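The block underneath contains the structure these notes are about, expressed in structure tokens.
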Amino acid sequence: MKKVFKVIFFFFIGLYIVIQLFDSMDSPAEESTEFETEDIDRTDTLEQELMVTHKRVWRDHDDSKREVQYGVSSLTDYSSFYFRDTVNVAEDGTEKTFWHNFYLGLYTHDKDLVKPLEDSIHVLAESRNISGEELVYTVVSLVQDIPYNYILSDDSCSKHTDHPCVPNQRYGVLSPVEFLYSLSGDCDTRTVLLFTLLKNMGYNPVIVNSAQYGHSMLAVDVPTEGDYFDHKGRKFYFWESTATGWLPGMLPPEMSNKDYWTIILDYEYQADPTRSY
Amino acid sequence: MNTKLTLLAVIEILTALSLGVAILAATYVLMKYIGKKRYNINQNNQAFGILTASILFSVGYLVSGVIHPLLSLFRILATRDISTLQLAISFIGYGAIYIFMAFVVALLVCFLGVIIYNYITPIDEITELKNNNLAVAVVVGSIIITLSLMTSDGVELLIESFIPYPAMYPK
């Protein structure tokens, strides 16, 4: 028995040394102590056009302070809203095809309209020397930091009082530009925005939905550990985007059955042909 | 090379190894104690050896379900503003609690399997094992292994439910 204790003791010593190495790998705490995440809005009227400027300050996954500022005009917001509200979605009778075509339509329409935020992220990345997979963490943490809002297709907001609620939105989703303008987003509003941003920035995002769990998540092929699925020879890790603190590869325990998740839109604009939704 | 990922992999390996050694040693000692003290079974009894091997596999398999939640716990703790010592103590402390819980559940599954089958079948499995009946040992061992395979997802979910995951989106 003494030998067992000796072996376990040495394993713990080794574990402690590796943990110390792991912890020392984190970037030095840049302004990591005291600050509040904030959203400072400004509205300017330029002739007939209203310009809303959002300044977001948030904590990245390593506790670093991040800050971006971007503007969205009311005309851009209206253009995006009009597209979403009137688009004819090609259907074949399955929900998967419907959502695939709908998300793809939103992405195609808004991919150039999210440039102001994208440019601001690039400026941040250059000034703080963030690149590669680290930038994916920064982008996702930015979206996670935006408080959750219900986006409903009907007027049942009275049943959802724990978070702000936006009623009567077609299909219960806002487009990426509408989300950036209003900062109101539910699960798939967030995943479509993240897909748009990350795809524009050259990454390989995937949107996965679950009919059983009634939820939408992002999946990315960053190197990490945890819950993943294989797709086109790569490992894609699930990433929850509706709240802060979630890391890639962490499926919420109540949604941990991977058989219930289906690829709706991947980085090559395809859906998973093998699974229904 | 992704150094952080390499260190995470080393942490996973070390956690799994220390977990494996501790759990298997504890199970083996327990089985030896039960066999010798309670049922007076000879150490050369092959049937009891098969049963012990089945229980060792089942306990190891069930407790291995803790590794993934433990790694998630480590990653969550690592994002918090705490010192390395606090991180290591929290990880090892929480880890010990979760492993102990999984260990107890695993033992319960194994022993309940033997007791229930002993009750519902006409033969007395314990006596047969004592008499070195290999056929009975293989059957009881298979039952224990199958039960552990069937309950492993539940054990993992049980441990996951204790991991301090971030707040979830509203239902």
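Going through the structure tokens in order, the chains are called A, B, and so on, while each chain numbers its residues from 1 and the ligands are numbered from 1 in the order shown.
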Proximity of chain A to chain B: per-residue shortest pair, 8 Å limit, only C-alpha atoms, as a tab-separated table:
residue	atom	partner	partner_atom	distance
A:Val4	CA	B:Ala25	CA	7.2
A:Val7	CA	B:Ser18	CA	7.9
A:Ile8	CA	B:Ser18	CA	5.6
A:Phe11	CA	B:Ser18	CA	5.8
A:Phe12	CA	B:Ser18	CA	7.4
A:Gly14	CA	B:Leu14	CA	7.5
A:Leu15	CA	B:Leu14	CA	6.1
A:Tyr16	CA	B:Ala88	CA	6.1
A:Val18	CA	B:Leu7	CA	6.4
A:Ile19	CA	B:Ala88	CA	6.6
A:Gln20	CA	B:Thr84	CA	5.7
A:Leu21	CA	B:Leu7	CA	7.5
A:Phe22	CA	B:Leu7	CA	6.0
A:Asp23	CA	B:Thr84	CA	6.3
A:Met25	CA	B:Lys4	CA	6.9
A:His61	CA	B:Thr79	CA	6.5
A:Asp62	CA	B:Thr79	CA	5.8
A:Asp63	CA	B:Thr79	CA	7.0
A:Tyr148	CA	B:Tyr169	CA	7.2
A:Asp162	CA	B:Pro170	CA	7.9
A:His163	CA	B:Pro170	CA	8.0
A:Pro223	CA	B:Leu5	CA	7.3
A:Thr224	CA	B:Leu5	CA	6.4
A:Gly226	CA	B:His68	CA	6.8
A:Thr242	CA	B:Tyr169	CA	5.5
A:Ala243	CA	B:Tyr169	CA	6.2
A:Thr244	CA	B:Pro166	CA	6.9
A:Gly245	CA	B:Pro166	CA	5.4
A:Trp246	CA	B:Pro166	CA	6.2
A:Met250	CA	B:Ser72	CA	7.0
A:Pro252	CA	B:Tyr165	CA	7.7
A:Pro253	CA	B:Glu160	CA	6.1
Store the residues picked out above in a file with N, CA and C atoms, as a short mmCIF file (atom, residue, chain, number, x, y, z; two decimals), in the first residue's frame.
data_model
loop_
_atom_site.label_atom_id
_atom_site.label_comp_id
_atom_site.auth_asym_id
_atom_site.auth_seq_id
_atom_site.Cartn_x
_atom_site.Cartn_y
_atom_site.Cartn_z
N VAL A 4 1.81 2.25 -3.43
CA VAL A 4 0.73 2.94 -4.17
C VAL A 4 0.71 4.41 -3.81
N VAL A 7 3.55 6.18 -5.50
CA VAL A 7 3.31 6.42 -6.94
C VAL A 7 2.34 7.58 -7.13
N ILE A 8 1.24 7.58 -6.34
CA ILE A 8 0.24 8.65 -6.48
C ILE A 8 0.84 10.00 -6.10
N PHE A 11 2.83 11.26 -8.93
CA PHE A 11 1.94 11.72 -10.00
C PHE A 11 1.41 13.12 -9.69
N PHE A 12 1.05 13.34 -8.43
CA PHE A 12 0.52 14.65 -8.04
C PHE A 12 1.60 15.73 -8.17
N GLY A 14 4.06 15.68 -10.27
CA GLY A 14 4.16 15.91 -11.72
C GLY A 14 3.01 16.75 -12.23
N LEU A 15 1.81 16.43 -11.74
CA LEU A 15 0.61 17.16 -12.15
C LEU A 15 0.73 18.63 -11.77
N TYR A 16 1.22 18.88 -10.56
CA TYR A 16 1.36 20.27 -10.09
C TYR A 16 2.35 21.04 -10.97
N VAL A 18 3.11 20.45 -14.11
CA VAL A 18 2.51 20.72 -15.43
C VAL A 18 1.45 21.82 -15.32
N ILE A 19 0.67 21.81 -14.23
CA ILE A 19 -0.34 22.87 -14.04
C ILE A 19 0.35 24.22 -13.95
N GLN A 20 1.49 24.25 -13.24
CA GLN A 20 2.23 25.52 -13.11
C GLN A 20 2.71 26.00 -14.48
N LEU A 21 3.21 25.06 -15.28
CA LEU A 21 3.65 25.42 -16.64
C LEU A 21 2.47 25.94 -17.45
N PHE A 22 1.34 25.23 -17.34
CA PHE A 22 0.13 25.61 -18.10
C PHE A 22 -0.32 27.01 -17.70
N ASP A 23 -0.32 27.26 -16.41
CA ASP A 23 -0.80 28.56 -15.90
C ASP A 23 0.14 29.69 -16.31
N MET A 25 1.66 29.89 -18.99
CA MET A 25 1.53 30.13 -20.44
C MET A 25 0.55 31.25 -20.75
N HIS A 61 -11.30 35.30 -23.10
CA HIS A 61 -11.27 34.05 -22.34
C HIS A 61 -10.13 34.01 -21.34
N ASP A 62 -9.04 34.79 -21.60
CA ASP A 62 -7.91 34.80 -20.67
C ASP A 62 -7.99 35.98 -19.71
N ASP A 63 -9.15 36.58 -19.59
CA ASP A 63 -9.42 37.66 -18.65
C ASP A 63 -8.85 39.01 -19.12
N TYR A 148 -28.24 38.03 -23.37
CA TYR A 148 -29.21 37.23 -24.12
C TYR A 148 -30.56 37.94 -24.22
N ASP A 162 -37.78 36.71 -17.97
CA ASP A 162 -36.47 36.72 -17.31
C ASP A 162 -35.39 37.43 -18.12
N HIS A 163 -35.64 37.66 -19.40
CA HIS A 163 -34.68 38.38 -20.25
C HIS A 163 -35.47 39.29 -21.18
N PRO A 223 -7.74 23.79 -32.21
CA PRO A 223 -7.19 22.67 -31.45
C PRO A 223 -7.48 22.82 -29.96
N THR A 224 -8.23 21.93 -29.41
CA THR A 224 -8.54 21.95 -27.97
C THR A 224 -8.97 20.55 -27.56
N GLY A 226 -12.29 18.09 -25.60
CA GLY A 226 -13.69 18.14 -25.17
C GLY A 226 -14.63 17.52 -26.18
N THR A 242 -24.34 31.74 -26.03
CA THR A 242 -25.39 32.59 -25.42
C THR A 242 -24.99 33.18 -24.07
N ALA A 243 -23.87 32.75 -23.52
CA ALA A 243 -23.47 33.27 -22.21
C ALA A 243 -21.95 33.24 -22.10
N THR A 244 -21.41 34.07 -21.21
CA THR A 244 -19.95 34.15 -21.07
C THR A 244 -19.39 32.91 -20.35
N GLY A 245 -18.12 32.66 -20.57
CA GLY A 245 -17.45 31.59 -19.81
C GLY A 245 -17.37 30.26 -20.53
N TRP A 246 -18.20 30.06 -21.55
CA TRP A 246 -18.17 28.77 -22.24
C TRP A 246 -16.95 28.72 -23.16
N MET A 250 -17.11 22.35 -24.85
CA MET A 250 -17.95 22.16 -23.67
C MET A 250 -19.42 22.16 -24.09
N PRO A 252 -23.12 21.81 -22.93
CA PRO A 252 -23.85 21.84 -21.66
C PRO A 252 -24.36 20.43 -21.32
N PRO A 253 -24.21 19.98 -20.07
CA PRO A 253 -24.56 18.59 -19.72
C PRO A 253 -25.98 18.20 -20.14
#
So which bits of stretch 13-171 of chain B end up alpha helix (DSSP H) when you DSSP the backbone, as a VMD selection string? chain B and resid 13 to 33 46 to 64 67 to 78 84 to 120 125 to 130 134 to 160
Could you give me, as a PyMOL selection string, the residues within 6 Å of stretch 67-77 of chain A, counting only C-alpha atoms and dropping anything in the same chain fewer than 5 positions from it? chain A and resi 50-57+116-117+120+177-178+181
Do you know which residues are at most 12 Å from stretch 128-145 of chain B counting only C-alpha atoms, after dropping those on the same chain fewer than 2 positions away, and could you put them as a PDB file with N, CA and C atoms, in the first residue's frame?
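Written output follows (around_11.pdb):
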ATOM      1  N   GLY B  35     -12.944 -10.940  -0.076  1.00  0.00           N
ATOM      2  CA  GLY B  35     -12.752 -12.365  -0.381  1.00  0.00           C
ATOM      3  C   GLY B  35     -12.166 -13.127   0.781  1.00  0.00           C
ATOM      4  N   LYS B  36     -11.177 -12.524   1.412  1.00  0.00           N
ATOM      5  CA  LYS B  36     -10.463 -13.244   2.463  1.00  0.00           C
ATOM      6  C   LYS B  36     -11.220 -13.205   3.787  1.00  0.00           C
ATOM      7  N   ARG B  38     -14.399 -11.888   4.588  1.00  0.00           N
ATOM      8  CA  ARG B  38     -15.836 -12.137   4.690  1.00  0.00           C
ATOM      9  C   ARG B  38     -16.226 -13.545   4.207  1.00  0.00           C
ATOM     10  N   TYR B  39     -15.644 -13.953   3.073  1.00  0.00           N
ATOM     11  CA  TYR B  39     -16.063 -15.233   2.495  1.00  0.00           C
ATOM     12  C   TYR B  39     -14.994 -16.322   2.605  1.00  0.00           C
ATOM     13  N   ASN B  40     -13.849 -15.962   3.166  1.00  0.00           N
ATOM     14  CA  ASN B  40     -12.770 -16.927   3.364  1.00  0.00           C
ATOM     15  C   ASN B  40     -12.406 -17.650   2.055  1.00  0.00           C
ATOM     16  N   ILE B  41     -12.258 -16.879   1.000  1.00  0.00           N
ATOM     17  CA  ILE B  41     -11.925 -17.459  -0.306  1.00  0.00           C
ATOM     18  C   ILE B  41     -10.403 -17.519  -0.465  1.00  0.00           C
ATOM     19  N   ASN B  42      -9.958 -18.657  -0.946  1.00  0.00           N
ATOM     20  CA  ASN B  42      -8.530 -18.885  -1.140  1.00  0.00           C
ATOM     21  C   ASN B  42      -7.974 -17.937  -2.214  1.00  0.00           C
ATOM     22  N   GLN B  43      -6.749 -17.469  -2.033  1.00  0.00           N
ATOM     23  CA  GLN B  43      -6.135 -16.540  -2.996  1.00  0.00           C
ATOM     24  C   GLN B  43      -5.913 -17.171  -4.357  1.00  0.00           C
ATOM     25  N   ASN B  44      -5.824 -18.521  -4.402  1.00  0.00           N
ATOM     26  CA  ASN B  44      -5.608 -19.205  -5.684  1.00  0.00           C
ATOM     27  C   ASN B  44      -6.914 -19.556  -6.390  1.00  0.00           C
ATOM     28  N   ASN B  45      -8.020 -19.068  -5.858  1.00  0.00           N
ATOM     29  CA  ASN B  45      -9.331 -19.369  -6.441  1.00  0.00           C
ATOM     30  C   ASN B  45      -9.475 -18.633  -7.774  1.00  0.00           C
ATOM     31  N   GLN B  46      -9.513 -19.393  -8.874  1.00  0.00           N
ATOM     32  CA  GLN B  46      -9.552 -18.786 -10.207  1.00  0.00           C
ATOM     33  C   GLN B  46     -10.886 -18.070 -10.468  1.00  0.00           C
ATOM     34  N   ALA B  47     -11.947 -18.659  -9.965  1.00  0.00           N
ATOM     35  CA  ALA B  47     -13.272 -18.057 -10.175  1.00  0.00           C
ATOM     36  C   ALA B  47     -13.324 -16.675  -9.533  1.00  0.00           C
ATOM     37  N   PHE B  48     -12.789 -16.582  -8.318  1.00  0.00           N
ATOM     38  CA  PHE B  48     -12.779 -15.281  -7.642  1.00  0.00           C
ATOM     39  C   PHE B  48     -11.851 -14.298  -8.383  1.00  0.00           C
ATOM     40  N   GLY B  49     -10.788 -14.837  -8.978  1.00  0.00           N
ATOM     41  CA  GLY B  49      -9.874 -14.004  -9.784  1.00  0.00           C
ATOM     42  C   GLY B  49     -10.601 -13.402 -10.984  1.00  0.00           C
ATOM     43  N   ILE B  50     -11.443 -14.231 -11.636  1.00  0.00           N
ATOM     44  CA  ILE B  50     -12.208 -13.737 -12.796  1.00  0.00           C
ATOM     45  C   ILE B  50     -13.185 -12.649 -12.346  1.00  0.00           C
ATOM     46  N   LEU B  51     -13.843 -12.897 -11.210  1.00  0.00           N
ATOM     47  CA  LEU B  51     -14.784 -11.905 -10.672  1.00  0.00           C
ATOM     48  C   LEU B  51     -14.060 -10.594 -10.338  1.00  0.00           C
ATOM     49  N   THR B  52     -12.906 -10.718  -9.700  1.00  0.00           N
ATOM     50  CA  THR B  52     -12.119  -9.521  -9.336  1.00  0.00           C
ATOM     51  C   THR B  52     -11.709  -8.748 -10.594  1.00  0.00           C
ATOM     52  N   ALA B  53     -11.269  -9.501 -11.625  1.00  0.00           N
ATOM     53  CA  ALA B  53     -10.859  -8.850 -12.878  1.00  0.00           C
ATOM     54  C   ALA B  53     -12.034  -8.095 -13.497  1.00  0.00           C
ATOM     55  N   SER B  54     -13.219  -8.711 -13.455  1.00  0.00           N
ATOM     56  CA  SER B  54     -14.414  -8.060 -14.014  1.00  0.00           C
ATOM     57  C   SER B  54     -14.737  -6.786 -13.243  1.00  0.00           C
ATOM     58  N   ILE B  55     -14.649  -6.879 -11.927  1.00  0.00           N
ATOM     59  CA  ILE B  55     -14.954  -5.703 -11.103  1.00  0.00           C
ATOM     60  C   ILE B  55     -13.902  -4.607 -11.329  1.00  0.00           C
ATOM     61  N   LEU B  56     -12.643  -4.993 -11.444  1.00  0.00           N
ATOM     62  CA  LEU B  56     -11.582  -4.007 -11.716  1.00  0.00           C
ATOM     63  C   LEU B  56     -11.852  -3.293 -13.035  1.00  0.00           C
ATOM     64  N   PHE B  57     -12.216  -4.060 -14.067  1.00  0.00           N
ATOM     65  CA  PHE B  57     -12.503  -3.439 -15.367  1.00  0.00           C
ATOM     66  C   PHE B  57     -13.697  -2.500 -15.250  1.00  0.00           C
ATOM     67  N   SER B  58     -14.764  -2.995 -14.608  1.00  0.00           N
ATOM     68  CA  SER B  58     -16.002  -2.200 -14.521  1.00  0.00           C
ATOM     69  C   SER B  58     -15.780  -0.906 -13.759  1.00  0.00           C
ATOM     70  N   VAL B  59     -15.105  -1.012 -12.615  1.00  0.00           N
ATOM     71  CA  VAL B  59     -14.846   0.193 -11.804  1.00  0.00           C
ATOM     72  C   VAL B  59     -13.967   1.165 -12.594  1.00  0.00           C
ATOM     73  N   GLY B  60     -12.920   0.622 -13.216  1.00  0.00           N
ATOM     74  CA  GLY B  60     -12.024   1.476 -14.017  1.00  0.00           C
ATOM     75  C   GLY B  60     -12.768   2.146 -15.153  1.00  0.00           C
ATOM     76  N   TYR B  61     -13.627   1.387 -15.817  1.00  0.00           N
ATOM     77  CA  TYR B  61     -14.378   1.935 -16.950  1.00  0.00           C
ATOM     78  C   TYR B  61     -15.342   3.030 -16.494  1.00  0.00           C
ATOM     79  N   LEU B  62     -16.051   2.760 -15.409  1.00  0.00           N
ATOM     80  CA  LEU B  62     -17.025   3.748 -14.920  1.00  0.00           C
ATOM     81  C   LEU B  62     -16.326   5.018 -14.429  1.00  0.00           C
ATOM     82  N   ALA B 106     -19.655   3.261  -8.880  1.00  0.00           N
ATOM     83  CA  ALA B 106     -19.160   2.096  -9.622  1.00  0.00           C
ATOM     84  C   ALA B 106     -19.215   0.836  -8.750  1.00  0.00           C
ATOM     85  N   LEU B 107     -18.793   0.970  -7.490  1.00  0.00           N
ATOM     86  CA  LEU B 107     -18.845  -0.192  -6.584  1.00  0.00           C
ATOM     87  C   LEU B 107     -20.281  -0.631  -6.344  1.00  0.00           C
ATOM     88  N   LEU B 108     -21.164   0.358  -6.202  1.00  0.00           N
ATOM     89  CA  LEU B 108     -22.584   0.043  -6.002  1.00  0.00           C
ATOM     90  C   LEU B 108     -23.138  -0.739  -7.191  1.00  0.00           C
ATOM     91  N   VAL B 109     -22.785  -0.284  -8.402  1.00  0.00           N
ATOM     92  CA  VAL B 109     -23.265  -0.974  -9.613  1.00  0.00           C
ATOM     93  C   VAL B 109     -22.772  -2.418  -9.618  1.00  0.00           C
ATOM     94  N   CYS B 110     -21.482  -2.607  -9.329  1.00  0.00           N
ATOM     95  CA  CYS B 110     -20.906  -3.961  -9.356  1.00  0.00           C
ATOM     96  C   CYS B 110     -21.543  -4.865  -8.297  1.00  0.00           C
ATOM     97  N   PHE B 111     -21.592  -4.362  -7.080  1.00  0.00           N
ATOM     98  CA  PHE B 111     -22.099  -5.214  -5.995  1.00  0.00           C
ATOM     99  C   PHE B 111     -23.610  -5.439  -6.096  1.00  0.00           C
ATOM    100  N   LEU B 112     -24.323  -4.406  -6.546  1.00  0.00           N
ATOM    101  CA  LEU B 112     -25.768  -4.594  -6.736  1.00  0.00           C
ATOM    102  C   LEU B 112     -26.028  -5.638  -7.813  1.00  0.00           C
ATOM    103  N   GLY B 113     -25.186  -5.600  -8.879  1.00  0.00           N
ATOM    104  CA  GLY B 113     -25.317  -6.590  -9.950  1.00  0.00           C
ATOM    105  C   GLY B 113     -25.188  -8.003  -9.404  1.00  0.00           C
ATOM    106  N   VAL B 114     -24.148  -8.231  -8.593  1.00  0.00           N
ATOM    107  CA  VAL B 114     -23.917  -9.569  -8.028  1.00  0.00           C
ATOM    108  C   VAL B 114     -25.067  -9.950  -7.089  1.00  0.00           C
ATOM    109  N   ILE B 115     -25.447  -9.019  -6.212  1.00  0.00           N
ATOM    110  CA  ILE B 115     -26.483  -9.323  -5.204  1.00  0.00           C
ATOM    111  C   ILE B 115     -27.832  -9.623  -5.871  1.00  0.00           C
ATOM    112  N   ILE B 116     -28.193  -8.783  -6.858  1.00  0.00           N
ATOM    113  CA  ILE B 116     -29.505  -8.976  -7.517  1.00  0.00           C
ATOM    114  C   ILE B 116     -29.530 -10.312  -8.266  1.00  0.00           C
ATOM    115  N   TYR B 117     -28.446 -10.611  -9.004  1.00  0.00           N
ATOM    116  CA  TYR B 117     -28.418 -11.876  -9.740  1.00  0.00           C
ATOM    117  C   TYR B 117     -28.366 -13.078  -8.802  1.00  0.00           C
ATOM    118  N   ASN B 118     -27.702 -12.871  -7.675  1.00  0.00           N
ATOM    119  CA  ASN B 118     -27.654 -13.930  -6.669  1.00  0.00           C
ATOM    120  C   ASN B 118     -29.056 -14.204  -6.127  1.00  0.00           C
ATOM    121  N   THR B 121     -31.566 -15.698  -9.312  1.00  0.00           N
ATOM    122  CA  THR B 121     -31.251 -16.998  -9.931  1.00  0.00           C
ATOM    123  C   THR B 121     -31.337 -18.110  -8.870  1.00  0.00           C
ATOM    124  N   PRO B 122     -31.636 -19.345  -9.312  1.00  0.00           N
ATOM    125  CA  PRO B 122     -31.804 -20.429  -8.329  1.00  0.00           C
ATOM    126  C   PRO B 122     -30.504 -20.829  -7.630  1.00  0.00           C
ATOM    127  N   ILE B 123     -29.356 -20.579  -8.291  1.00  0.00           N
ATOM    128  CA  ILE B 123     -28.094 -21.004  -7.649  1.00  0.00           C
ATOM    129  C   ILE B 123     -27.517 -19.877  -6.794  1.00  0.00           C
ATOM    130  N   ASP B 124     -26.708 -20.261  -5.828  1.00  0.00           N
ATOM    131  CA  ASP B 124     -26.047 -19.271  -4.973  1.00  0.00           C
ATOM    132  C   ASP B 124     -24.667 -18.964  -5.589  1.00  0.00           C
ATOM    133  N   GLU B 125     -24.579 -17.843  -6.293  1.00  0.00           N
ATOM    134  CA  GLU B 125     -23.356 -17.498  -7.029  1.00  0.00           C
ATOM    135  C   GLU B 125     -22.133 -17.421  -6.102  1.00  0.00           C
ATOM    136  N   ILE B 126     -22.339 -16.868  -4.920  1.00  0.00           N
ATOM    137  CA  ILE B 126     -21.200 -16.675  -3.996  1.00  0.00           C
ATOM    138  C   ILE B 126     -20.602 -18.042  -3.616  1.00  0.00           C
ATOM    139  N   LEU B 147     -23.367  -4.374 -17.102  1.00  0.00           N
ATOM    140  CA  LEU B 147     -24.028  -3.339 -16.294  1.00  0.00           C
ATOM    141  C   LEU B 147     -23.209  -2.049 -16.277  1.00  0.00           C
ATOM    142  N   SER B 148     -21.884  -2.201 -16.209  1.00  0.00           N
ATOM    143  CA  SER B 148     -21.044  -0.993 -16.186  1.00  0.00           C
ATOM    144  C   SER B 148     -21.107  -0.262 -17.523  1.00  0.00           C
ATOM    145  N   LEU B 149     -21.148  -1.018 -18.623  1.00  0.00           N
ATOM    146  CA  LEU B 149     -21.265  -0.387 -19.943  1.00  0.00           C
ATOM    147  C   LEU B 149     -22.592   0.368 -20.056  1.00  0.00           C
ATOM    148  N   MET B 150     -23.642  -0.239 -19.494  1.00  0.00           N
ATOM    149  CA  MET B 150     -24.972   0.376 -19.609  1.00  0.00           C
ATOM    150  C   MET B 150     -25.132   1.607 -18.718  1.00  0.00           C
ATOM    151  N   THR B 151     -24.409   1.641 -17.616  1.00  0.00           N
ATOM    152  CA  THR B 151     -24.596   2.760 -16.675  1.00  0.00           C
ATOM    153  C   THR B 151     -23.532   3.861 -16.816  1.00  0.00           C
ATOM    154  N   SER B 152     -22.569   3.659 -17.713  1.00  0.00           N
ATOM    155  CA  SER B 152     -21.451   4.618 -17.779  1.00  0.00           C
ATOM    156  C   SER B 152     -21.902   6.031 -18.150  1.00  0.00           C
TER     157      SER B 152
END
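Near stretch 164-176 of chain A, within 6 Å and counting only C-alpha atoms, sit Leu106, Asn149, Tyr150, Ile151, Leu152, Ser153, Asp154, Asp155, Cys157, Thr189 and Leu193 of chain A, not including residues fewer than 4 positions from it in the same chain.
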Could you pull out the residues in stretch 42-235 of chain A that DSSP calls strand (DSSP E) from the backbone, as a short mmCIF file (atom, residue, chain, number, x, y, z; two decimals) with C-alpha atoms, in the first residue's frame?
data_model
loop_
_atom_site.label_atom_id
_atom_site.label_comp_id
_atom_site.auth_asym_id
_atom_site.auth_seq_id
_atom_site.Cartn_x
_atom_site.Cartn_y
_atom_site.Cartn_z
CA ARG A 42 -24.08 56.95 -29.39
CA THR A 43 -26.71 57.97 -31.90
CA ASP A 44 -25.88 60.55 -34.56
CA THR A 45 -28.20 61.96 -37.14
CA LEU A 46 -26.52 62.46 -40.50
CA GLU A 49 -29.67 58.69 -41.73
CA LEU A 50 -29.38 57.59 -38.13
CA MET A 51 -26.00 56.10 -37.14
CA VAL A 52 -25.75 53.98 -34.02
CA THR A 53 -22.24 53.50 -32.64
CA HIS A 54 -21.59 50.72 -30.16
CA LYS A 55 -18.46 50.55 -28.04
CA ARG A 56 -18.12 47.12 -26.50
CA VAL A 57 -15.72 46.46 -23.63
CA TRP A 58 -15.48 42.86 -22.48
CA ARG A 59 -13.27 40.17 -20.99
CA LYS A 65 -9.68 43.56 -21.46
CA ARG A 66 -10.88 43.92 -25.05
CA GLU A 67 -12.54 46.87 -26.71
CA VAL A 68 -14.08 47.46 -30.13
CA GLN A 69 -16.18 50.24 -31.58
CA TYR A 70 -18.32 50.03 -34.67
CA GLY A 71 -21.22 51.89 -36.26
CA VAL A 72 -24.31 50.66 -38.07
CA SER A 73 -26.59 53.01 -39.98
CA TYR A 150 -35.48 36.30 -26.67
CA ILE A 151 -36.29 36.71 -30.36
CA CYS A 165 -37.74 39.96 -25.47
CA VAL A 166 -38.27 41.01 -29.09
CA VAL A 206 -20.08 25.48 -38.63
CA ILE A 207 -23.62 26.06 -37.38
CA VAL A 208 -25.16 23.06 -35.61
CA ASN A 209 -28.78 22.91 -34.51
CA SER A 210 -30.71 20.50 -32.37
CA HIS A 215 -30.93 25.17 -29.57
CA SER A 216 -28.26 26.36 -31.98
CA MET A 217 -24.51 26.31 -31.40
CA LEU A 218 -21.32 27.20 -33.17
CA ALA A 219 -18.64 24.61 -33.91
CA VAL A 220 -15.07 25.40 -34.91
CA TYR A 228 -16.44 17.39 -30.85
CA PHE A 229 -17.69 15.79 -34.04
CA ASP A 230 -15.75 14.74 -37.11
CA HIS A 231 -16.58 16.57 -40.30
CA ARG A 234 -11.44 17.68 -39.12
CA LYS A 235 -12.49 17.82 -35.50
#
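When only C-alpha atoms are used to measure the gap to A:Phe236, the shortest distance among A:Phe10, A:Tyr203, A:Phe179, A:Phe98 belongs to A:Tyr203.
Atom CA of A:Tyr82 is found 25.0 Å from atom CA of A:Asp266.
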For A:Thr94, list every protein, DNA or RNA residue within 10 Å, evaluated using only C-alpha atoms, and leave out those in the same chain fewer than 3 positions away; present the list as a list in words. Glu91, Thr97, Phe98, Trp99, Ser276 and Tyr277 of chain A
Between B:Tyr33, B:Tyr28, B:Leu77, B:Val155, smallest distance to B:Val104 by only C-alpha atoms belongs to B:Val155
Would you kindly return, as a list in words, each protein, DNA or RNA residue with an atom no farther than 10 Å from any atom of A:Leu135, considering only C-alpha atoms and excluding same-chain residues fewer than 6 positions away? Asp60, Ile121, His122, Leu124, Ala125, Asn129, Ser141, Leu198, Met201 and Tyr203 of chain A
Resulting file, chosen residues, C-alpha atoms, as a PDB file, in the first residue's frame:
ATOM      1  CA  ASP A  60     -11.612  37.733 -23.343  1.00  0.00           C
ATOM      2  CA  ILE A 121     -11.722  43.459 -34.661  1.00  0.00           C
ATOM      3  CA  HIS A 122      -8.752  43.515 -37.037  1.00  0.00           C
ATOM      4  CA  LEU A 124      -7.849  45.224 -32.020  1.00  0.00           C
ATOM      5  CA  ALA A 125      -6.043  42.076 -33.195  1.00  0.00           C
ATOM      6  CA  ASN A 129      -1.075  40.985 -31.288  1.00  0.00           C
ATOM      7  CA  SER A 141     -16.177  36.037 -26.301  1.00  0.00           C
ATOM      8  CA  LEU A 198     -15.495  33.978 -38.729  1.00  0.00           C
ATOM      9  CA  MET A 201     -12.027  36.278 -41.423  1.00  0.00           C
ATOM     10  CA  TYR A 203     -11.854  30.491 -40.388  1.00  0.00           C
TER      11      TYR A 203
END
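Among the candidates A:Gln212, A:Thr262, A:Gln144, A:Asn200, the residue lying nearest to A:Trp239 is A:Gln144 (atoms considered: only C-alpha atoms).
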